[in-house]
$ cat structure_36.cif   # mmCIF, C-alpha atoms
data_query
loop_
_atom_site.group_PDB
_atom_site.id
_atom_site.type_symbol
_atom_site.label_atom_id
_atom_site.label_comp_id
_atom_site.auth_asym_id
_atom_site.auth_seq_id
_atom_site.Cartn_x
_atom_site.Cartn_y
_atom_site.Cartn_z
ATOM 1 C CA MET A 19 122.136 102.786 125.029
ATOM 2 C CA GLU A 20 122.556 99.707 122.851
ATOM 3 C CA PHE A 21 119.593 98.122 124.605
ATOM 4 C CA PHE A 22 117.300 100.993 123.583
ATOM 5 C CA GLU A 23 118.555 100.861 119.999
ATOM 6 C CA PHE A 24 117.883 97.119 119.934
ATOM 7 C CA LEU A 25 114.435 97.690 121.442
ATOM 8 C CA MET A 26 113.513 100.348 118.891
ATOM 9 C CA ASN A 27 115.042 98.709 115.809
ATOM 10 C CA GLU A 28 114.285 95.033 116.382
ATOM 11 C CA ILE A 29 111.286 94.775 118.705
ATOM 12 C CA LEU A 30 109.136 97.876 118.286
ATOM 13 C CA SER A 31 109.540 97.884 114.505
ATOM 14 C CA LEU A 32 107.390 94.746 114.286
ATOM 15 C CA PRO A 33 103.765 95.708 113.588
ATOM 16 C CA GLU A 34 102.300 92.821 115.594
ATOM 17 C CA VAL A 35 104.206 93.927 118.687
ATOM 18 C CA LEU A 36 102.965 97.499 118.302
ATOM 19 C CA VAL A 37 99.361 96.334 117.931
ATOM 20 C CA GLY A 38 99.779 94.127 121.001
ATOM 21 C CA LEU A 39 101.168 97.056 123.018
ATOM 22 C CA ILE A 40 98.281 99.290 121.958
ATOM 23 C CA VAL A 41 95.769 96.628 123.006
ATOM 24 C CA MET A 42 97.578 96.124 126.308
ATOM 25 C CA VAL A 43 97.574 99.861 127.077
ATOM 26 C CA GLY A 44 93.880 100.053 126.245
ATOM 27 C CA LEU A 45 93.030 97.170 128.537
ATOM 28 C CA LEU A 46 95.191 98.644 131.301
ATOM 29 C CA LEU A 47 93.337 101.955 130.986
ATOM 30 C CA GLN A 48 90.060 100.059 131.299
ATOM 31 C CA LYS A 49 91.423 98.485 134.507
ATOM 32 C CA ALA A 50 90.767 94.976 133.230
ATOM 33 C CA ASP A 51 91.845 91.849 135.101
ATOM 34 C CA PHE A 52 95.319 90.440 134.424
ATOM 35 C CA SER A 53 93.856 87.384 132.693
ATOM 36 C CA LYS A 54 91.845 89.620 130.352
ATOM 37 C CA ILE A 55 94.888 91.786 129.611
ATOM 38 C CA PHE A 56 97.054 88.747 128.875
ATOM 39 C CA ALA A 57 94.404 87.055 126.724
ATOM 40 C CA GLY A 58 93.570 90.205 124.768
ATOM 41 C CA THR A 59 97.194 91.060 124.081
ATOM 42 C CA THR A 60 98.056 87.510 123.047
ATOM 43 C CA LYS A 61 94.991 87.197 120.816
ATOM 44 C CA SER A 62 95.717 90.482 119.056
ATOM 45 C CA ILE A 63 99.351 89.544 118.370
ATOM 46 C CA ILE A 64 98.410 86.090 117.062
ATOM 47 C CA GLY A 65 95.556 87.534 115.006
ATOM 48 C CA PHE A 66 97.861 90.084 113.420
ATOM 49 C CA LEU A 67 100.371 87.338 112.583
ATOM 50 C CA ILE A 68 97.628 85.233 110.972
ATOM 51 C CA LEU A 69 96.380 88.259 109.016
ATOM 52 C CA GLY A 70 99.889 88.933 107.721
ATOM 53 C CA ALA A 71 100.389 85.305 106.732
ATOM 54 C CA GLY A 72 97.065 85.262 104.876
ATOM 55 C CA ALA A 73 97.947 88.449 103.041
ATOM 56 C CA GLY A 74 101.271 86.908 102.044
ATOM 57 C CA VAL A 75 99.515 83.856 100.613
ATOM 58 C CA ILE A 76 97.098 86.009 98.622
ATOM 59 C CA ILE A 77 99.885 88.205 97.265
ATOM 60 C CA GLY A 78 101.888 85.118 96.323
ATOM 61 C CA SER A 79 98.978 83.577 94.445
ATOM 62 C CA LEU A 80 98.199 86.814 92.626
ATOM 63 C CA ASP A 81 101.866 87.189 91.722
ATOM 64 C CA ALA A 82 101.684 83.861 89.894
ATOM 65 C CA LEU A 83 98.746 85.150 87.827
ATOM 66 C CA GLY A 84 100.579 88.326 86.858
ATOM 67 C CA GLY A 85 103.295 86.601 84.882
ATOM 68 C CA ASP A 86 106.241 88.405 83.315
ATOM 69 C CA HIS A 87 105.904 92.174 82.909
ATOM 70 C CA SER A 88 108.618 92.534 80.258
ATOM 71 C CA GLY A 89 106.154 92.807 77.353
ATOM 72 C CA PRO A 90 104.589 95.964 75.927
ATOM 73 C CA PHE A 91 101.518 95.743 78.164
#

$ encode --input "structure_36.cif" --output "structure tokens"
Amino acid sequence: MEFFEFLMNEILSLPEVLVGLIVMVGLLLQKADFSKIFAGTTKSIIGFLILGAGAGVIIGSLDALGGDHSGPF
């Protein structure tokens, strides 16, 4: 039972893993070759990680422009 709790709380709660699983299921339903399934799943996970990192950089740079919000405006 602890294994399933670990799987749900630590592994499947990561968005890049969920996107990778969705891509893998889609490629399996299309009856793609193993190499295509592996490449597509890996590319989607890495792409999602890169997208998240880029969003973090943009949010960080916009945060610096915002300044302190303790004033009246």

$ closest_residue --input "structure_36.cif" --among "A:Ile55, A:Val35, A:Leu47, A:Val41" --to "A:Leu67" --atoms "all atoms listed in the file"
A:Val35

$ atom_distance --input "structure_36.cif" --atom1 "atom CA of A:Ile77" --atom2 "atom CA of A:Met26"
28.3 Å

$ residues_around --input "structure_36.cif" --residues "A:Leu36" --least-positions-apart "4" --cutoff "12 Å" --atoms "all atoms listed in the file" --output "JSON, numbers by chain"
{"A": [25, 26, 28, 29, 30, 31, 32, 40, 41, 42, 43, 59, 62, 63, 66, 67]}

$ axis_aligned_box --input "structure_36.cif" --around "stretch 27-46 of chain A" --padding-each-side "6 Å" --output "lines of an AutoDock Vina configuration file"
center_x = 104.0
center_y = 96.4
center_z = 122.4
size_x = 34.0
size_y = 19.2
size_z = 29.7

$ atom_distance --input "structure_36.cif" --atom1 "atom CA of A:Asp51" --atom2 "atom CA of A:Ile68"
25.7 Å

$ atom_distance --input "structure_36.cif" --atom1 "atom CA of A:Glu34" --atom2 "atom CA of A:Leu69"
10.0 Å

$ decode --input "structure_36.cif" --residues "stretch 27-74 of chain A" --atoms "N, CA and C atoms" --output "mmCIF file, in the first residue's frame"
data_model
loop_
_atom_site.group_PDB
_atom_site.id
_atom_site.type_symbol
_atom_site.label_atom_id
_atom_site.label_comp_id
_atom_site.auth_asym_id
_atom_site.auth_seq_id
_atom_site.Cartn_x
_atom_site.Cartn_y
_atom_site.Cartn_z
ATOM 1 N N ASN A 27 1.615 10.111 -4.860
ATOM 2 C CA ASN A 27 1.994 11.391 -4.270
ATOM 3 C C ASN A 27 3.297 11.961 -4.823
ATOM 4 N N GLU A 28 4.228 11.115 -5.186
ATOM 5 C CA GLU A 28 5.549 11.599 -5.586
ATOM 6 C C GLU A 28 5.802 11.530 -7.092
ATOM 7 N N ILE A 29 5.274 10.528 -7.757
ATOM 8 C CA ILE A 29 5.575 10.330 -9.170
ATOM 9 C C ILE A 29 4.474 10.911 -10.053
ATOM 10 N N LEU A 30 3.250 10.498 -9.837
ATOM 11 C CA LEU A 30 2.155 10.921 -10.708
ATOM 12 C C LEU A 30 1.680 12.341 -10.436
ATOM 13 N N SER A 31 2.195 12.981 -9.396
ATOM 14 C CA SER A 31 1.829 14.371 -9.143
ATOM 15 C C SER A 31 2.693 15.343 -9.949
ATOM 16 N N LEU A 32 3.714 14.817 -10.621
ATOM 17 C CA LEU A 32 4.563 15.662 -11.463
ATOM 18 C C LEU A 32 3.915 15.822 -12.833
ATOM 19 N N PRO A 33 3.687 17.055 -13.274
ATOM 20 C CA PRO A 33 2.990 17.258 -14.550
ATOM 21 C C PRO A 33 3.737 16.685 -15.752
ATOM 22 N N GLU A 34 5.063 16.733 -15.741
ATOM 23 C CA GLU A 34 5.805 16.210 -16.892
ATOM 24 C C GLU A 34 5.659 14.701 -17.014
ATOM 25 N N VAL A 35 5.526 14.013 -15.897
ATOM 26 C CA VAL A 35 5.321 12.566 -15.937
ATOM 27 C C VAL A 35 3.932 12.246 -16.487
ATOM 28 N N LEU A 36 2.932 13.012 -16.065
ATOM 29 C CA LEU A 36 1.580 12.787 -16.574
ATOM 30 C C LEU A 36 1.492 13.036 -18.078
ATOM 31 N N VAL A 37 2.137 14.096 -18.548
ATOM 32 C CA VAL A 37 2.135 14.372 -19.990
ATOM 33 C C VAL A 37 2.843 13.243 -20.730
ATOM 34 N N GLY A 38 3.957 12.773 -20.189
ATOM 35 C CA GLY A 38 4.677 11.664 -20.812
ATOM 36 C C GLY A 38 3.834 10.403 -20.867
ATOM 37 N N LEU A 39 3.089 10.105 -19.796
ATOM 38 C CA LEU A 39 2.214 8.929 -19.797
ATOM 39 C C LEU A 39 1.092 9.057 -20.819
ATOM 40 N N ILE A 40 0.538 10.248 -20.946
ATOM 41 C CA ILE A 40 -0.533 10.468 -21.929
ATOM 42 C C ILE A 40 -0.001 10.263 -23.340
ATOM 43 N N VAL A 41 1.192 10.788 -23.615
ATOM 44 C CA VAL A 41 1.804 10.602 -24.932
ATOM 45 C C VAL A 41 2.089 9.126 -25.184
ATOM 46 N N MET A 42 2.601 8.435 -24.168
ATOM 47 C CA MET A 42 2.909 7.019 -24.319
ATOM 48 C C MET A 42 1.651 6.200 -24.602
ATOM 49 N N VAL A 43 0.566 6.483 -23.892
ATOM 50 C CA VAL A 43 -0.688 5.761 -24.133
ATOM 51 C C VAL A 43 -1.197 6.036 -25.541
ATOM 52 N N GLY A 44 -1.096 7.274 -25.982
ATOM 53 C CA GLY A 44 -1.527 7.614 -27.332
ATOM 54 C C GLY A 44 -0.729 6.886 -28.398
ATOM 55 N N LEU A 45 0.574 6.818 -28.212
ATOM 56 C CA LEU A 45 1.407 6.113 -29.183
ATOM 57 C C LEU A 45 1.173 4.608 -29.140
ATOM 58 N N LEU A 46 0.898 4.072 -27.944
ATOM 59 C CA LEU A 46 0.566 2.651 -27.842
ATOM 60 C C LEU A 46 -0.751 2.341 -28.557
ATOM 61 N N LEU A 47 -1.722 3.229 -28.433
ATOM 62 C CA LEU A 47 -3.004 3.026 -29.110
ATOM 63 C C LEU A 47 -2.860 3.109 -30.626
ATOM 64 N N GLN A 48 -1.876 3.880 -31.084
ATOM 65 C CA GLN A 48 -1.612 3.972 -32.515
ATOM 66 C C GLN A 48 -0.767 2.798 -33.019
ATOM 67 N N LYS A 49 -0.362 1.934 -32.109
ATOM 68 C CA LYS A 49 0.466 0.764 -32.416
ATOM 69 C C LYS A 49 1.773 1.171 -33.091
ATOM 70 N N ALA A 50 2.414 2.187 -32.516
ATOM 71 C CA ALA A 50 3.687 2.664 -33.039
ATOM 72 C C ALA A 50 4.807 1.713 -32.624
ATOM 73 N N ASP A 51 5.939 1.820 -33.309
ATOM 74 C CA ASP A 51 7.114 1.024 -32.969
ATOM 75 C C ASP A 51 7.642 1.439 -31.593
ATOM 76 N N PHE A 52 8.415 0.531 -30.968
ATOM 77 C CA PHE A 52 8.964 0.835 -29.644
ATOM 78 C C PHE A 52 9.859 2.071 -29.690
ATOM 79 N N SER A 53 10.666 2.191 -30.741
ATOM 80 C CA SER A 53 11.570 3.339 -30.834
ATOM 81 C C SER A 53 10.790 4.649 -30.921
ATOM 82 N N LYS A 54 9.662 4.634 -31.627
ATOM 83 C CA LYS A 54 8.828 5.827 -31.739
ATOM 84 C C LYS A 54 8.151 6.155 -30.405
ATOM 85 N N ILE A 55 7.726 5.109 -29.693
ATOM 86 C CA ILE A 55 7.092 5.316 -28.388
ATOM 87 C C ILE A 55 8.100 5.904 -27.409
ATOM 88 N N PHE A 56 9.300 5.320 -27.375
ATOM 89 C CA PHE A 56 10.338 5.803 -26.466
ATOM 90 C C PHE A 56 10.738 7.239 -26.796
ATOM 91 N N ALA A 57 10.957 7.512 -28.081
ATOM 92 C CA ALA A 57 11.379 8.861 -28.485
ATOM 93 C C ALA A 57 10.288 9.888 -28.205
ATOM 94 N N GLY A 58 9.050 9.565 -28.519
ATOM 95 C CA GLY A 58 7.958 10.506 -28.296
ATOM 96 C C GLY A 58 7.726 10.806 -26.830
ATOM 97 N N THR A 59 7.792 9.767 -26.007
ATOM 98 C CA THR A 59 7.605 9.959 -24.567
ATOM 99 C C THR A 59 8.735 10.784 -23.980
ATOM 100 N N THR A 60 9.961 10.453 -24.350
ATOM 101 C CA THR A 60 11.123 11.186 -23.839
ATOM 102 C C THR A 60 11.094 12.642 -24.289
ATOM 103 N N LYS A 61 10.778 12.877 -25.550
ATOM 104 C CA LYS A 61 10.736 14.246 -26.065
ATOM 105 C C LYS A 61 9.659 15.070 -25.383
ATOM 106 N N SER A 62 8.504 14.464 -25.099
ATOM 107 C CA SER A 62 7.441 15.225 -24.451
ATOM 108 C C SER A 62 7.800 15.570 -23.012
ATOM 109 N N ILE A 63 8.443 14.649 -22.299
ATOM 110 C CA ILE A 63 8.853 14.930 -20.919
ATOM 111 C C ILE A 63 9.910 16.035 -20.892
ATOM 112 N N ILE A 64 10.915 15.918 -21.757
ATOM 113 C CA ILE A 64 11.973 16.936 -21.794
ATOM 114 C C ILE A 64 11.415 18.284 -22.241
ATOM 115 N N GLY A 65 10.528 18.275 -23.219
ATOM 116 C CA GLY A 65 9.909 19.518 -23.674
ATOM 117 C C GLY A 65 9.106 20.193 -22.585
ATOM 118 N N PHE A 66 8.379 19.402 -21.805
ATOM 119 C CA PHE A 66 7.596 19.968 -20.711
ATOM 120 C C PHE A 66 8.503 20.547 -19.629
ATOM 121 N N LEU A 67 9.637 19.873 -19.364
ATOM 122 C CA LEU A 67 10.596 20.407 -18.399
ATOM 123 C C LEU A 67 11.184 21.728 -18.882
ATOM 124 N N ILE A 68 11.522 21.810 -20.165
ATOM 125 C CA ILE A 68 12.083 23.042 -20.723
ATOM 126 C C ILE A 68 11.041 24.164 -20.683
ATOM 127 N N LEU A 69 9.794 23.834 -20.992
ATOM 128 C CA LEU A 69 8.721 24.827 -20.939
ATOM 129 C C LEU A 69 8.553 25.365 -19.525
ATOM 130 N N GLY A 70 8.588 24.485 -18.541
ATOM 131 C CA GLY A 70 8.467 24.914 -17.147
ATOM 132 C C GLY A 70 9.629 25.776 -16.708
ATOM 133 N N ALA A 71 10.837 25.419 -17.137
ATOM 134 C CA ALA A 71 12.011 26.217 -16.784
ATOM 135 C C ALA A 71 11.934 27.603 -17.421
ATOM 136 N N GLY A 72 11.503 27.667 -18.670
ATOM 137 C CA GLY A 72 11.357 28.961 -19.341
ATOM 138 C C GLY A 72 10.309 29.831 -18.682
ATOM 139 N N ALA A 73 9.214 29.218 -18.269
ATOM 140 C CA ALA A 73 8.175 29.978 -17.568
ATOM 141 C C ALA A 73 8.696 30.500 -16.240
ATOM 142 N N GLY A 74 9.511 29.697 -15.560
ATOM 143 C CA GLY A 74 10.099 30.155 -14.300
ATOM 144 C C GLY A 74 11.023 31.341 -14.489
#
